[in-house]
Amino acid sequence: MKIMCSKNNLVKGVGIVSKAVPSKTTMPILECILIDATTDVIKLTANDMDLGIETRIEGDIIERGVIALNAKIFSDIVRKLPDNDVTIETDDNNQTLIKCEKARFHIAAQSGDEFSCLPQIEKENFITISEFSLKEAIRQTIFSIADNDTNKMMAGELFEIENNTLRVVSLDGHRISIRKIELNDSYEKTKVIVPGKTLQEIAKIIGGEAENMADISFTKNHIVFEFGETVVVSRLIEGEYFRINQMLSSDYETKVRINKRELLNCIDRATLFIKENDKKPIIINIGDDVMELKITSQIGSMNEEIMISKEGKDLMIGFNPRFLIDALRVIDDEEVDLYFMNAKAPCFIKDEEQSYIYLILPVNFNTVA
């Protein structure tokens, strides 16, 4: 095999597929990036058996072939090459020469025949969505997945398609995040649970332009994302997702409309008095026209008032401030509506169209504060 391409194209391609290289594995071949130049395009692939990424890069194929190179060594070499054209060639013994200007690197490779290529997926169902909407839906929900493996369902997100709506749901036992995306066409009803790791990597590599479209295909065991020159194949999480609709309520005793930026900044200031692992809540006292926020810790205390528009009863309630910050940061509206039933029931932050819903459980500040 012998190929030539620009350093920039190579760096970009290697950076994309490297996200599917496992950090630990008992199979050395999975620590490699596959360079496939057996057709008329140069394809780079990495695969950890749960997540696989393939991307095409521009370049010249001088001699066709396929080779697998250790991802870490290859990536380190490529990043430090001069900004010029790079030539990669291999001999019959899988010895590989990487050269750029006066730089020459000789590394041992493995046969591409041993590499676990991406599974061939028969596309049963698919939807088309803008890259921007997909990236935003992930950004606006991914923070609510569980950060441990105690419950595999909580480590993924529900993708639910019905007619022309995609609903993305995540939860971690303390909060729920829901985003609804309107699609251009209607599709068959589908529910799949996508691993959070897959979505986090997609959010890093997808361009996110509104005019560019992404295809998402579903099978019983896999999901396939296709955008630009890249294909991402991931195993799905098996099982039945939580019955989210039973956790959502339209009843409330108190409704507050408040400037989102003021509320976010106030809670952010309050966290100055909280150490990283401290569980001190922020206490919210809702009156007629004012919301008072206060926090007390061993470091000190803070209280601040924000003007609000209120319907219903006065209320005092406590929350983990980080959960409120996470939700408010991804809402684009200038003002937000908060709905409360009582001090022990969850708070809902949602818009009238319910294009977003954030449910946050309160904490018992009488015993924690």
# chains A, B, ... in the order shown; residues from 1 in each chain; ligands from 1
$ closest_atom_pairs --of "stretch 84-185 of chain A" --to "stretch 329-343 of chain A" --cutoff "9 Å" --atoms "only C-alpha atoms" --output "JSON lines"
{"residue": "A:Glu136", "atom": "CA", "partner": "A:Val330", "partner_atom": "CA", "distance": 8.8}
{"residue": "A:Arg139", "atom": "CA", "partner": "A:Val330", "partner_atom": "CA", "distance": 7.4}
{"residue": "A:Gln140", "atom": "CA", "partner": "A:Val330", "partner_atom": "CA", "distance": 5.4}
{"residue": "A:Thr141", "atom": "CA", "partner": "A:Val330", "partner_atom": "CA", "distance": 8.5}
$ select_by_dssp --residues "stretch 33-113 of chain A" --states "helix (DSSP H, G or I)" --output "short mmCIF file (atom, residue, chain, number, x, y, z; two decimals) with N, CA and C atoms, in the first residue's frame"
data_model
loop_
_atom_site.label_atom_id
_atom_site.label_comp_id
_atom_site.auth_asym_id
_atom_site.auth_seq_id
_atom_site.Cartn_x
_atom_site.Cartn_y
_atom_site.Cartn_z
N ALA A 71 -2.71 2.90 17.16
CA ALA A 71 -3.38 4.21 17.14
C ALA A 71 -2.59 5.29 17.86
N LYS A 72 -2.05 4.97 19.02
CA LYS A 72 -1.33 5.99 19.80
C LYS A 72 -0.07 6.44 19.09
N ILE A 73 0.74 5.47 18.63
CA ILE A 73 1.99 5.82 17.94
C ILE A 73 1.69 6.59 16.66
N PHE A 74 0.74 6.08 15.89
CA PHE A 74 0.38 6.71 14.61
C PHE A 74 -0.13 8.13 14.83
N SER A 75 -1.00 8.29 15.82
CA SER A 75 -1.57 9.61 16.10
C SER A 75 -0.48 10.59 16.54
N ASP A 76 0.41 10.14 17.43
CA ASP A 76 1.49 11.02 17.90
C ASP A 76 2.40 11.45 16.75
N ILE A 77 2.73 10.52 15.86
CA ILE A 77 3.59 10.85 14.71
C ILE A 77 2.91 11.87 13.82
N VAL A 78 1.66 11.59 13.47
CA VAL A 78 0.94 12.45 12.52
C VAL A 78 0.83 13.88 13.03
N ARG A 79 0.52 14.03 14.33
CA ARG A 79 0.34 15.38 14.88
C ARG A 79 1.62 16.19 14.84
N GLY A 112 -4.05 -5.92 7.95
CA GLY A 112 -5.41 -5.39 7.99
C GLY A 112 -6.46 -6.48 7.98
N ASP A 113 -6.09 -7.68 7.56
CA ASP A 113 -7.05 -8.79 7.51
C ASP A 113 -7.50 -9.21 8.90
#
$ closest_atom_pairs --of "stretch 222-279 of chain A" --to "stretch 23-46 of chain A" --cutoff "10 Å" --atoms "only C-alpha atoms" --output "JSON lines"
{"residue": "A:Glu229", "atom": "CA", "partner": "A:Lys43", "partner_atom": "CA", "distance": 9.4}
{"residue": "A:Thr230", "atom": "CA", "partner": "A:Lys43", "partner_atom": "CA", "distance": 9.5}
{"residue": "A:Val231", "atom": "CA", "partner": "A:Thr45", "partner_atom": "CA", "distance": 9.4}
{"residue": "A:Val232", "atom": "CA", "partner": "A:Thr45", "partner_atom": "CA", "distance": 9.8}
$ closest_residue --among "A:Ile274, A:Leu315, A:Ile57, A:Ala155" --to "A:Glu292" --atoms "only C-alpha atoms"
A:Leu315
$ residues_around --residues "A:Ile53" --least-positions-apart "5" --cutoff "10 Å" --atoms "only C-alpha atoms" --output "ChimeraX atom specification"
/A:16-21,44-48,117-118,201-202,224-226,230-234
$ select_by_dssp --residues "stretch 228-367 of chain A" --states "strand (DSSP E or B)" --output "JSON, numbers by chain"
{"A": [230, 231, 232, 233, 234, 235, 254, 255, 256, 257, 258, 259, 282, 283, 284, 285, 286, 290, 291, 292, 293, 294, 295, 296, 301, 302, 303, 304, 305, 306, 307, 309, 310, 311, 312, 315, 316, 317, 318, 319, 335, 336, 337, 338, 339, 340, 347, 348, 349, 350, 356, 357, 358, 359, 360, 363]}
$ residues_around --residues "A:Ile98" --least-positions-apart "6" --cutoff "8 Å" --atoms "only C-alpha atoms" --output "list in words"
Val86, Thr87, Ile88, Glu89, Arg104, Phe105 and His106 of chain A
$ residues_around --residues "A:Leu199" --least-positions-apart "2" --cutoff "9 Å" --atoms "only C-alpha atoms" --output "VMD selection string"
chain A and resid 135 138 142 156 to 157 194 to 197 201 to 204
$ closest_residue --among "A:Glu124, A:Phe348, A:Gly52, A:Thr90" --to "A:Leu248" --atoms "only C-alpha atoms"
A:Phe348
$ residues_around --residues "A:Gly207" --least-positions-apart "4" --cutoff "9 Å" --atoms "only C-alpha atoms" --output "ChimeraX atom specification"
/A:131-132,135,203,212,227-228
$ write_last_selection --atoms "all heavy atoms" --output "mmCIF file, in the first residue's frame"
data_model
loop_
_atom_site.group_PDB
_atom_site.id
_atom_site.type_symbol
_atom_site.label_atom_id
_atom_site.label_comp_id
_atom_site.auth_asym_id
_atom_site.auth_seq_id
_atom_site.Cartn_x
_atom_site.Cartn_y
_atom_site.Cartn_z
ATOM 1 N N GLU A 131 -27.569 18.226 11.399
ATOM 2 C CA GLU A 131 -26.444 18.044 12.319
ATOM 3 C C GLU A 131 -26.592 18.955 13.531
ATOM 4 O O GLU A 131 -26.282 18.569 14.662
ATOM 5 C CB GLU A 131 -25.122 18.329 11.605
ATOM 6 C CG GLU A 131 -24.708 17.280 10.591
ATOM 7 C CD GLU A 131 -23.322 17.538 10.033
ATOM 8 O OE1 GLU A 131 -22.617 18.414 10.579
ATOM 9 O OE2 GLU A 131 -22.941 16.867 9.058
ATOM 10 N N PHE A 132 -27.073 20.170 13.299
ATOM 11 C CA PHE A 132 -27.236 21.128 14.394
ATOM 12 C C PHE A 132 -28.218 20.599 15.434
ATOM 13 O O PHE A 132 -27.941 20.610 16.638
ATOM 14 C CB PHE A 132 -27.731 22.471 13.852
ATOM 15 C CG PHE A 132 -28.068 23.472 14.922
ATOM 16 C CD1 PHE A 132 -27.069 24.203 15.549
ATOM 17 C CD2 PHE A 132 -29.391 23.667 15.319
ATOM 18 C CE1 PHE A 132 -27.379 25.120 16.550
ATOM 19 C CE2 PHE A 132 -29.706 24.578 16.320
ATOM 20 C CZ PHE A 132 -28.701 25.309 16.931
ATOM 21 N N LYS A 135 -26.711 17.609 17.387
ATOM 22 C CA LYS A 135 -25.687 18.026 18.346
ATOM 23 C C LYS A 135 -26.306 18.745 19.535
ATOM 24 O O LYS A 135 -25.910 18.527 20.690
ATOM 25 C CB LYS A 135 -24.665 18.922 17.645
ATOM 26 C CG LYS A 135 -23.446 19.258 18.490
ATOM 27 C CD LYS A 135 -22.323 19.826 17.647
ATOM 28 C CE LYS A 135 -21.063 20.003 18.459
ATOM 29 N NZ LYS A 135 -19.885 20.317 17.631
ATOM 30 N N ALA A 203 -21.041 14.052 19.610
ATOM 31 C CA ALA A 203 -21.118 15.498 19.848
ATOM 32 C C ALA A 203 -19.771 16.173 19.613
ATOM 33 O O ALA A 203 -19.716 17.343 19.229
ATOM 34 C CB ALA A 203 -21.606 15.773 21.269
ATOM 35 N N ASN A 212 -26.434 21.028 7.085
ATOM 36 C CA ASN A 212 -25.947 19.663 6.849
ATOM 37 C C ASN A 212 -26.833 18.660 7.565
ATOM 38 O O ASN A 212 -27.228 18.876 8.708
ATOM 39 C CB ASN A 212 -24.501 19.515 7.339
ATOM 40 C CG ASN A 212 -23.526 20.332 6.509
ATOM 41 O OD1 ASN A 212 -23.829 20.762 5.409
ATOM 42 N ND2 ASN A 212 -22.339 20.560 7.045
ATOM 43 N N PHE A 227 -22.844 11.101 8.815
ATOM 44 C CA PHE A 227 -22.815 12.539 8.569
ATOM 45 C C PHE A 227 -21.484 12.880 7.914
ATOM 46 O O PHE A 227 -20.442 12.366 8.303
ATOM 47 C CB PHE A 227 -23.011 13.332 9.866
ATOM 48 C CG PHE A 227 -22.171 12.862 11.018
ATOM 49 C CD1 PHE A 227 -20.909 13.384 11.231
ATOM 50 C CD2 PHE A 227 -22.648 11.891 11.894
ATOM 51 C CE1 PHE A 227 -20.126 12.949 12.291
ATOM 52 C CE2 PHE A 227 -21.871 11.451 12.960
ATOM 53 C CZ PHE A 227 -20.606 11.984 13.155
ATOM 54 N N GLY A 228 -21.540 13.752 6.913
ATOM 55 C CA GLY A 228 -20.324 14.114 6.195
ATOM 56 C C GLY A 228 -19.641 12.886 5.635
ATOM 57 O O GLY A 228 -20.247 12.044 4.967
#
$ residues_around --residues "A:Thr165" --least-positions-apart "3" --cutoff "10 Å" --atoms "only C-alpha atoms" --output "list of chain:residue names"
A:Glu160, A:Ile161, A:Glu162, A:Val168, A:Lys180, A:Ile181, A:Glu182, A:Leu183, A:Asn184, A:Asp185, A:Ser186, A:Tyr187, A:Lys189
$ write_last_selection --atoms "N, CA and C atoms" --output "compact mmCIF listing (two decimals), in the first residue's frame"
# COMPACT_ATOMS: atom_id res chain seq x y z
N GLU A 160 -36.66 8.26 20.99
CA GLU A 160 -38.02 7.81 20.69
C GLU A 160 -38.57 8.62 19.51
N ILE A 161 -38.91 7.90 18.44
CA ILE A 161 -39.43 8.55 17.23
C ILE A 161 -40.90 8.20 17.08
N GLU A 162 -41.71 9.20 16.86
CA GLU A 162 -43.13 8.98 16.56
C GLU A 162 -43.59 10.08 15.61
N VAL A 168 -35.66 12.89 22.91
CA VAL A 168 -34.44 12.38 23.52
C VAL A 168 -34.56 12.54 25.04
N LYS A 180 -37.40 17.65 22.64
CA LYS A 180 -38.18 17.22 21.48
C LYS A 180 -37.70 17.97 20.24
N ILE A 181 -37.44 17.22 19.19
CA ILE A 181 -36.98 17.79 17.92
C ILE A 181 -38.02 17.50 16.85
N GLU A 182 -38.44 18.53 16.14
CA GLU A 182 -39.40 18.33 15.04
C GLU A 182 -38.62 17.96 13.78
N LEU A 183 -38.99 16.84 13.17
CA LEU A 183 -38.33 16.36 11.95
C LEU A 183 -39.11 16.83 10.72
N ASN A 184 -38.44 16.79 9.58
CA ASN A 184 -39.08 17.26 8.34
C ASN A 184 -40.07 16.25 7.78
N ASP A 185 -39.92 14.98 8.14
CA ASP A 185 -40.81 13.93 7.63
C ASP A 185 -41.34 13.10 8.78
N SER A 186 -42.34 12.27 8.49
CA SER A 186 -42.89 11.36 9.47
C SER A 186 -42.23 9.99 9.32
N TYR A 187 -42.06 9.30 10.45
CA TYR A 187 -41.35 8.02 10.44
C TYR A 187 -42.10 7.02 11.30
N LYS A 189 -42.84 4.44 14.29
CA LYS A 189 -42.60 4.55 15.72
C LYS A 189 -41.43 3.65 16.12
$ closest_residue --among "A:Leu10, A:Lys102, A:Leu263, A:Ile205" --to "A:Leu328" --atoms "only C-alpha atoms"
A:Leu263
$ closest_residue --among "A:Thr128, A:Thr190, A:Thr198, A:Asn151" --to "A:Asp215" --atoms "only C-alpha atoms"
A:Thr128
$ atom_distance --atom1 "atom CA of A:Ser301" --atom2 "atom CA of A:Arg175"
25.9 Å
